[in-house]
$ cat run_5.txt   # compact mmCIF, C-alpha atoms
# COMPACT_ATOMS: atom_id res chain seq x y z
CA MET A 152 34.44 37.00 262.91
CA ILE A 153 32.30 36.35 259.84
CA LEU A 154 31.82 32.77 260.91
CA LEU A 155 30.68 33.87 264.37
CA ASN A 156 28.23 36.35 262.86
CA ARG A 157 26.92 33.71 260.54
CA LEU A 158 26.43 31.26 263.37
CA LEU A 159 24.63 33.84 265.46
CA VAL A 160 22.26 34.72 262.61
CA VAL A 161 21.57 31.07 261.87
CA ALA A 162 20.98 30.33 265.55
CA ALA A 163 18.58 33.26 265.92
CA LEU A 164 16.67 32.40 262.77
CA SER A 165 16.48 28.72 263.66
CA LEU A 166 15.15 29.59 267.09
CA PHE A 167 12.53 31.83 265.51
CA VAL A 168 11.44 29.22 262.94
CA LEU A 169 11.42 26.38 265.46
CA SER A 170 9.38 28.39 267.95
CA SER A 171 6.89 29.32 265.22
CA MET A 172 6.56 25.62 264.35
CA GLY A 173 5.20 25.13 267.85
CA CYS A 174 2.17 27.26 266.93
CA VAL A 175 -0.14 24.65 265.44
CA ALA A 176 -3.53 25.53 264.01
CA VAL A 177 -6.31 23.49 265.60
CA LYS A 178 -8.10 21.56 262.86
CA PRO A 179 -11.89 22.05 262.69
CA TRP A 180 -12.56 18.45 263.72
CA GLU A 181 -10.32 18.79 266.78
CA LYS A 182 -12.23 21.66 268.34
CA ASP A 183 -14.22 19.55 270.80
CA LEU A 184 -12.55 21.12 273.84
CA LEU A 185 -12.77 24.63 272.41
CA ALA A 186 -16.48 24.10 271.75
CA ARG A 187 -17.19 23.46 275.42
CA PRO A 188 -19.45 26.10 277.02
CA ASP A 189 -16.88 26.82 279.74
CA MET A 190 -14.33 27.71 277.05
CA ALA A 191 -16.49 30.55 275.72
CA TRP A 192 -15.24 34.13 276.22
CA ASP A 193 -18.68 35.05 277.33
CA GLU A 194 -20.17 32.46 279.68
CA ASP A 195 -23.65 33.98 279.50
CA PRO A 196 -24.21 36.29 276.50
CA ARG A 197 -27.70 37.33 277.69
CA LEU A 198 -26.43 38.33 281.14
CA SER A 199 -23.57 40.26 279.52
CA THR A 200 -26.04 42.18 277.35
CA ILE A 201 -28.04 43.16 280.45
CA ARG A 202 -24.85 44.20 282.30
CA ASP A 203 -23.70 46.25 279.32
CA HIS A 204 -27.05 47.93 279.16
CA ILE A 205 -26.96 48.82 282.87
CA HIS A 206 -23.41 50.12 282.45
CA PHE A 207 -24.48 52.26 279.52
CA SER A 208 -27.53 53.60 281.35
CA LYS A 209 -25.71 54.45 284.57
CA GLU A 210 -22.39 55.65 283.25
CA GLY A 211 -23.63 57.24 280.03
CA SER A 212 -20.86 55.51 278.16
CA LEU A 213 -20.98 52.73 275.66
CA PRO A 214 -19.20 49.47 276.38
CA ALA A 215 -16.97 48.02 273.71
CA GLY A 216 -19.80 45.79 272.47
CA GLY A 217 -22.02 48.78 271.63
CA GLY A 218 -25.47 49.48 273.00
CA ALA A 219 -28.81 51.08 272.28
CA SER A 220 -31.78 52.57 274.15
CA GLY A 221 -33.02 55.83 275.56
CA GLY A 222 -30.85 55.59 278.66
CA CYS A 223 -33.60 54.91 281.20
CA GLY A 224 -32.39 51.37 281.76
CA CYS A 225 -35.86 50.00 281.17
CA ASN A 226 -35.65 48.87 277.55
CA MET B 128 39.73 42.60 250.31
CA ARG B 129 38.02 40.93 247.38
CA THR B 130 38.29 37.51 249.06
CA ARG B 131 36.68 38.87 252.20
CA HIS B 132 33.86 40.36 250.15
CA ASN B 133 33.30 37.01 248.42
CA GLN B 134 33.30 35.21 251.74
CA ARG B 135 30.64 37.58 253.09
CA ASN B 136 28.52 37.11 249.99
CA ARG B 137 28.74 33.37 250.29
CA ALA B 138 27.83 33.52 253.98
CA CYS B 139 24.79 35.67 253.24
CA ARG B 140 23.64 33.34 250.47
CA TRP B 141 24.08 30.31 252.68
CA THR B 142 22.16 31.90 255.56
CA LEU B 143 19.35 32.92 253.23
CA GLN B 144 19.08 29.43 251.75
CA PHE B 145 19.09 27.83 255.18
CA THR B 146 16.39 30.17 256.49
CA CYS B 147 14.20 29.73 253.41
CA SER B 148 14.39 25.94 253.71
CA LEU B 149 13.41 26.10 257.38
CA ILE B 150 10.46 28.40 256.64
CA VAL B 151 9.25 26.16 253.79
CA LEU B 152 9.55 23.15 256.08
CA ALA B 153 7.60 24.91 258.81
CA LEU B 154 4.80 26.09 256.57
CA SER B 155 4.42 23.04 254.35
CA SER B 156 1.06 21.27 254.59
CA PRO B 157 0.60 17.87 252.94
CA ALA B 158 -3.21 17.94 252.70
CA ILE B 159 -5.06 19.62 249.83
CA ALA B 160 -8.73 20.55 250.19
CA ILE B 161 -11.06 18.43 248.07
CA GLU B 162 -13.07 20.54 245.66
CA PRO B 163 -15.85 19.83 243.14
CA GLY B 164 -14.51 17.94 240.16
CA GLN B 165 -11.98 15.97 242.19
CA LYS B 166 -12.20 12.31 243.03
CA ALA B 167 -13.37 11.72 246.62
CA PRO B 168 -10.67 9.96 248.66
CA ASN B 169 -11.75 6.48 249.62
CA PHE B 170 -11.84 5.34 253.24
CA ARG B 171 -13.07 2.50 255.36
CA ALA B 172 -14.01 2.86 259.01
CA GLN B 173 -15.86 1.17 261.85
CA LYS B 174 -19.59 1.66 262.06
CA LEU B 175 -20.73 3.94 264.89
CA GLU B 176 -23.64 1.67 265.69
CA GLY B 177 -23.26 -2.06 265.39
CA LYS B 178 -20.31 -4.10 264.23
CA GLY B 179 -18.40 -4.05 260.97
CA THR B 180 -16.94 -1.44 258.72
CA LEU B 181 -18.18 0.77 255.93
CA GLY B 182 -16.26 2.19 253.01
CA LEU B 183 -17.07 4.99 250.64
CA SER B 184 -16.30 2.91 247.55
CA GLN B 185 -19.05 0.39 248.37
CA TYR B 186 -21.61 3.06 247.42
CA ARG B 187 -20.19 3.50 243.92
CA GLY B 188 -23.09 3.76 241.47
CA LYS B 189 -25.16 5.81 243.93
CA VAL B 190 -25.11 9.51 244.71
CA VAL B 191 -23.58 9.83 248.17
CA TYR B 192 -23.97 12.70 250.59
CA LEU B 193 -20.98 12.47 252.89
CA ASP B 194 -21.52 14.40 256.11
CA PHE B 195 -18.88 15.09 258.77
CA TRP B 196 -20.37 15.65 262.21
CA ALA B 197 -19.58 15.74 265.92
CA SER B 198 -21.73 15.88 269.05
CA TRP B 199 -20.04 19.12 270.17
CA CYS B 200 -20.84 20.89 266.90
CA ALA B 201 -24.26 22.60 267.18
CA PRO B 202 -24.88 23.17 263.44
CA CYS B 203 -23.91 19.53 262.77
CA LEU B 204 -26.67 18.39 265.12
CA GLU B 205 -29.10 20.79 263.49
CA ALA B 206 -28.34 19.20 260.13
CA VAL B 207 -29.02 15.63 261.31
CA PRO B 208 -32.87 15.74 261.29
CA ALA B 209 -32.80 17.70 258.02
CA LEU B 210 -30.61 15.05 256.40
CA GLU B 211 -32.85 12.33 257.77
CA ALA B 212 -35.79 14.02 256.02
CA LEU B 213 -33.74 14.34 252.82
CA ARG B 214 -32.93 10.64 252.90
CA GLY B 215 -36.62 9.77 252.64
CA GLU B 216 -37.12 11.96 249.59
CA PHE B 217 -34.95 9.91 247.22
CA PRO B 218 -34.94 6.18 246.46
CA GLU B 219 -32.31 4.24 248.39
CA SER B 220 -31.14 2.63 245.16
CA LYS B 221 -30.01 6.03 243.90
CA PHE B 222 -29.13 8.08 246.95
CA GLN B 223 -27.24 7.33 250.15
CA ILE B 224 -26.21 9.48 253.09
CA LEU B 225 -23.03 8.44 254.87
CA ALA B 226 -21.99 10.25 258.03
CA VAL B 227 -18.52 10.41 259.55
CA ASN B 228 -18.46 11.11 263.26
CA VAL B 229 -15.25 12.72 264.53
CA ASP B 230 -15.99 12.68 268.28
CA LYS B 231 -12.98 11.61 270.33
CA GLU B 232 -15.37 9.99 272.79
CA THR B 233 -17.77 7.84 270.81
CA ARG B 234 -20.20 7.57 273.75
CA LYS B 235 -21.08 11.26 273.28
CA ALA B 236 -22.13 10.60 269.69
CA MET B 237 -24.06 7.52 270.79
CA LYS B 238 -25.86 9.55 273.44
CA PHE B 239 -27.00 11.98 270.78
CA LEU B 240 -28.12 9.16 268.49
CA GLU B 241 -30.20 7.67 271.29
CA LYS B 242 -32.29 10.84 271.24
CA GLN B 243 -32.14 11.50 267.52
CA LYS B 244 -32.63 8.30 265.58
CA ILE B 245 -31.15 8.29 262.11
CA GLY B 246 -31.76 5.82 259.33
CA TYR B 247 -28.52 6.42 257.48
CA PRO B 248 -25.20 4.85 258.50
CA SER B 249 -22.50 6.64 260.41
CA VAL B 250 -18.89 5.62 260.81
CA ARG B 251 -16.60 6.71 263.63
CA ASN B 252 -13.26 8.36 263.12
CA PRO B 253 -11.89 9.67 266.44
CA LYS B 254 -8.35 9.90 265.02
CA GLY B 255 -9.57 12.33 262.38
CA ASP B 256 -7.68 10.84 259.46
CA ILE B 257 -10.77 10.91 257.18
CA PRO B 258 -11.40 14.67 257.57
CA GLU B 259 -7.63 15.08 257.16
CA LYS B 260 -7.88 13.39 253.74
CA PHE B 261 -10.58 15.87 252.71
CA ASP B 262 -8.75 18.73 254.46
CA LEU B 263 -11.91 20.11 256.03
CA ASP B 264 -11.78 23.77 256.88
CA THR B 265 -15.04 23.96 258.76
CA MET B 266 -17.49 21.84 260.75
CA PRO B 267 -19.90 20.66 259.52
CA SER B 268 -18.71 19.99 255.97
CA SER B 269 -20.50 17.79 253.50
CA TYR B 270 -19.60 16.41 250.09
CA LEU B 271 -22.03 15.39 247.41
CA ILE B 272 -20.37 12.60 245.48
CA ASP B 273 -21.70 11.32 242.17
CA GLN B 274 -22.07 7.76 240.91
CA GLU B 275 -18.45 7.71 239.70
CA GLY B 276 -17.03 8.88 243.01
CA VAL B 277 -16.39 12.46 241.91
CA VAL B 278 -17.19 15.32 244.31
CA ARG B 279 -19.83 17.49 242.68
CA TYR B 280 -20.75 19.86 245.48
CA VAL B 281 -19.29 20.90 248.83
CA HIS B 282 -21.53 22.28 251.55
CA LYS B 283 -19.97 24.11 254.48
CA GLY B 284 -21.83 24.88 257.71
CA PHE B 285 -25.55 24.43 258.18
CA ARG B 286 -28.19 27.14 258.50
CA ASP B 287 -31.95 27.46 257.99
CA GLY B 288 -32.75 27.09 254.33
CA ASP B 289 -29.63 25.05 253.51
CA LEU B 290 -31.69 21.90 253.06
CA GLU B 291 -33.36 23.38 249.94
CA VAL B 292 -29.95 24.11 248.42
CA ILE B 293 -28.72 20.57 249.16
CA ARG B 294 -31.95 19.04 247.82
CA GLU B 295 -31.55 20.92 244.52
CA GLU B 296 -27.96 19.74 244.18
CA VAL B 297 -28.96 16.11 244.82
CA ARG B 298 -31.76 16.40 242.23
CA ARG B 299 -29.35 17.87 239.68
CA ILE B 300 -26.92 14.96 240.05
CA ILE B 301 -29.46 12.13 240.34
CA LYS B 302 -31.05 13.09 236.97
$ encode --input "run_5.txt" --output "structure tokens"
Amino acid sequence: MILLNRLLVVAALSLFVLSSMGCVAVKPWEKDLLARPDMAWDEDPRLSTIRDHIHFSKEGSLPAGGGASGGCGCN
Amino acid sequence: MRTRHNQRNRACRWTLQFTCSLIVLALSSPAIAIEPGQKAPNFRAQKLEGKGTLGLSQYRGKVVYLDFWASWCAPCLEAVPALEALRGEFPESKFQILAVNVDKETRKAMKFLEKQKIGYPSVRNPKGDIPEKFDLDTMPSSYLIDQEGVVRYVHKGFRDGDLEVIREEVRRIIK
């Protein structure tokens, strides 16, 4: 029984450690693909700012990125 | 009863040892970041433009500014004209800039160099074993190496005003 328990614990821990070994940090000099414009979260930051501003002005609520203005949608 | 207790203890100890070894194995990293005061690791690599190779040790006796760059790295490209200006400020007999390009596709670096001419040499290292030796943690990273091959200053990133800082460091070492 003890042996079985031990094997189960070892198997679970090994699986955990081996799966975490699969998570490799990308080195700074290997970030060529990540640096591509189409890999950006925000494909057009200026357009997103305008959209956020319109959202804030119309809905009266702030998007997650924050916002500022008088609420008229003109500035 | 006592035997069973001992068996359990032994099993726990064994499991713990096994897990610890696996975790150490998983987290171990062979590279150690190069810091000021340490000897710069030597390397030799193919020139980016033209034929032949260049090695860091061949500049022994000069102050070397070793710059890691890539065509996809915007601040690296910003630094290039600034470094080109810096190169002209010090005599070639005392100061040398050596660039290491880490682009996987060399043609992208060449395309950039067609637009932005540089007077200092650049070597190519698509495999990335040179930055691995220095254990870079950011791009761009630069190392100011003195006449004896010892790293005296490490510059990370590149922003407006950084050139003044680098210039002062070069002056301090060239003296």
$ atom_distance --input "run_5.txt" --atom1 "CA of Leu193 (chain B)" --atom2 "CA of Glu296 (chain B)"
13.3 Å
$ interface_residues --input "run_5.txt" --of "chain A" --to "chain B" --cutoff "8 Å" --atoms "all atoms listed in the file" --output "short mmCIF file (atom, residue, chain, number, x, y, z; two decimals) with C-alpha atoms, keeping the file's coordinate frame"
data_model
loop_
_atom_site.label_atom_id
_atom_site.label_comp_id
_atom_site.auth_asym_id
_atom_site.auth_seq_id
_atom_site.Cartn_x
_atom_site.Cartn_y
_atom_site.Cartn_z
CA ILE A 153 32.30 36.35 259.84
CA ARG A 157 26.92 33.71 260.54
CA VAL A 160 22.26 34.72 262.61
CA VAL A 161 21.57 31.07 261.87
CA LEU A 164 16.67 32.40 262.77
CA SER A 165 16.48 28.72 263.66
CA VAL A 168 11.44 29.22 262.94
CA LEU A 169 11.42 26.38 265.46
CA SER A 171 6.89 29.32 265.22
CA MET A 172 6.56 25.62 264.35
CA LYS A 178 -8.10 21.56 262.86
CA PRO A 179 -11.89 22.05 262.69
CA TRP A 180 -12.56 18.45 263.72
CA GLU A 181 -10.32 18.79 266.78
CA ASP A 183 -14.22 19.55 270.80
CA ALA A 186 -16.48 24.10 271.75
CA ARG A 187 -17.19 23.46 275.42
#
$ atom_distance --input "run_5.txt" --atom1 "CA of Glu219 (chain B)" --atom2 "CA of Thr233 (chain B)"
27.0 Å
$ atom_distance --input "run_5.txt" --atom1 "CA of Val190 (chain B)" --atom2 "CA of Tyr247 (chain B)"
13.6 Å
$ build_atoms --input "run_5.txt" --residues "region 166-188 of chain B" --atoms "N, CA and C atoms" --output "mmCIF file, keeping the file's coordinate frame"
data_model
loop_
_atom_site.group_PDB
_atom_site.id
_atom_site.type_symbol
_atom_site.label_atom_id
_atom_site.label_comp_id
_atom_site.auth_asym_id
_atom_site.auth_seq_id
_atom_site.Cartn_x
_atom_site.Cartn_y
_atom_site.Cartn_z
ATOM 1 N N LYS B 166 -11.789 13.627 242.560
ATOM 2 C CA LYS B 166 -12.200 12.310 243.030
ATOM 3 C C LYS B 166 -12.233 12.335 244.573
ATOM 4 N N ALA B 167 -13.293 11.773 245.150
ATOM 5 C CA ALA B 167 -13.370 11.720 246.620
ATOM 6 C C ALA B 167 -12.407 10.657 247.134
ATOM 7 N N PRO B 168 -11.579 10.983 248.121
ATOM 8 C CA PRO B 168 -10.670 9.960 248.660
ATOM 9 C C PRO B 168 -11.460 8.827 249.322
ATOM 10 N N ASN B 169 -11.035 7.616 249.037
ATOM 11 C CA ASN B 169 -11.750 6.480 249.620
ATOM 12 C C ASN B 169 -11.308 6.273 251.074
ATOM 13 N N PHE B 170 -12.178 5.677 251.861
ATOM 14 C CA PHE B 170 -11.840 5.340 253.240
ATOM 15 C C PHE B 170 -12.705 4.180 253.690
ATOM 16 N N ARG B 171 -12.288 3.559 254.730
ATOM 17 C CA ARG B 171 -13.070 2.500 255.360
ATOM 18 C C ARG B 171 -12.939 2.691 256.863
ATOM 19 N N ALA B 172 -14.054 2.649 257.561
ATOM 20 C CA ALA B 172 -14.010 2.860 259.010
ATOM 21 C C ALA B 172 -15.082 2.046 259.705
ATOM 22 N N GLN B 173 -14.912 1.937 261.021
ATOM 23 C CA GLN B 173 -15.860 1.170 261.850
ATOM 24 C C GLN B 173 -17.192 1.876 261.937
ATOM 25 N N LYS B 174 -18.253 1.089 261.911
ATOM 26 C CA LYS B 174 -19.590 1.660 262.060
ATOM 27 C C LYS B 174 -19.726 2.255 263.467
ATOM 28 N N LEU B 175 -20.495 3.327 263.577
ATOM 29 C CA LEU B 175 -20.730 3.940 264.890
ATOM 30 C C LEU B 175 -21.682 3.071 265.709
ATOM 31 N N GLU B 176 -22.692 2.564 265.031
ATOM 32 C CA GLU B 176 -23.640 1.670 265.690
ATOM 33 C C GLU B 176 -23.500 0.279 265.071
ATOM 34 N N GLY B 177 -23.395 -0.694 265.885
ATOM 35 C CA GLY B 177 -23.260 -2.060 265.390
ATOM 36 C C GLY B 177 -21.822 -2.407 265.046
ATOM 37 N N LYS B 178 -21.660 -3.635 264.533
ATOM 38 C CA LYS B 178 -20.310 -4.100 264.230
ATOM 39 C C LYS B 178 -20.031 -3.996 262.737
ATOM 40 N N GLY B 179 -18.779 -4.076 262.379
ATOM 41 C CA GLY B 179 -18.400 -4.050 260.970
ATOM 42 C C GLY B 179 -17.891 -2.698 260.514
ATOM 43 N N THR B 180 -17.490 -2.681 259.278
ATOM 44 C CA THR B 180 -16.940 -1.440 258.720
ATOM 45 C C THR B 180 -17.740 -1.015 257.488
ATOM 46 N N LEU B 181 -17.557 0.237 257.145
ATOM 47 C CA LEU B 181 -18.180 0.770 255.930
ATOM 48 C C LEU B 181 -17.126 1.552 255.156
ATOM 49 N N GLY B 182 -17.206 1.440 253.851
ATOM 50 C CA GLY B 182 -16.260 2.190 253.010
ATOM 51 C C GLY B 182 -17.012 3.021 251.998
ATOM 52 N N LEU B 183 -16.409 4.095 251.597
ATOM 53 C CA LEU B 183 -17.070 4.990 250.640
ATOM 54 C C LEU B 183 -17.251 4.308 249.283
ATOM 55 N N SER B 184 -16.260 3.510 248.893
ATOM 56 C CA SER B 184 -16.300 2.910 247.550
ATOM 57 C C SER B 184 -17.447 1.907 247.380
ATOM 58 N N GLN B 185 -17.970 1.377 248.499
ATOM 59 C CA GLN B 185 -19.050 0.390 248.370
ATOM 60 C C GLN B 185 -20.358 1.029 247.885
ATOM 61 N N TYR B 186 -20.408 2.360 247.895
ATOM 62 C CA TYR B 186 -21.610 3.060 247.420
ATOM 63 C C TYR B 186 -21.467 3.562 245.989
ATOM 64 N N ARG B 187 -20.402 3.114 245.313
ATOM 65 C CA ARG B 187 -20.190 3.500 243.920
ATOM 66 C C ARG B 187 -21.407 3.113 243.099
ATOM 67 N N GLY B 188 -21.876 4.014 242.249
ATOM 68 C CA GLY B 188 -23.090 3.760 241.470
ATOM 69 C C GLY B 188 -24.291 4.509 242.048
#
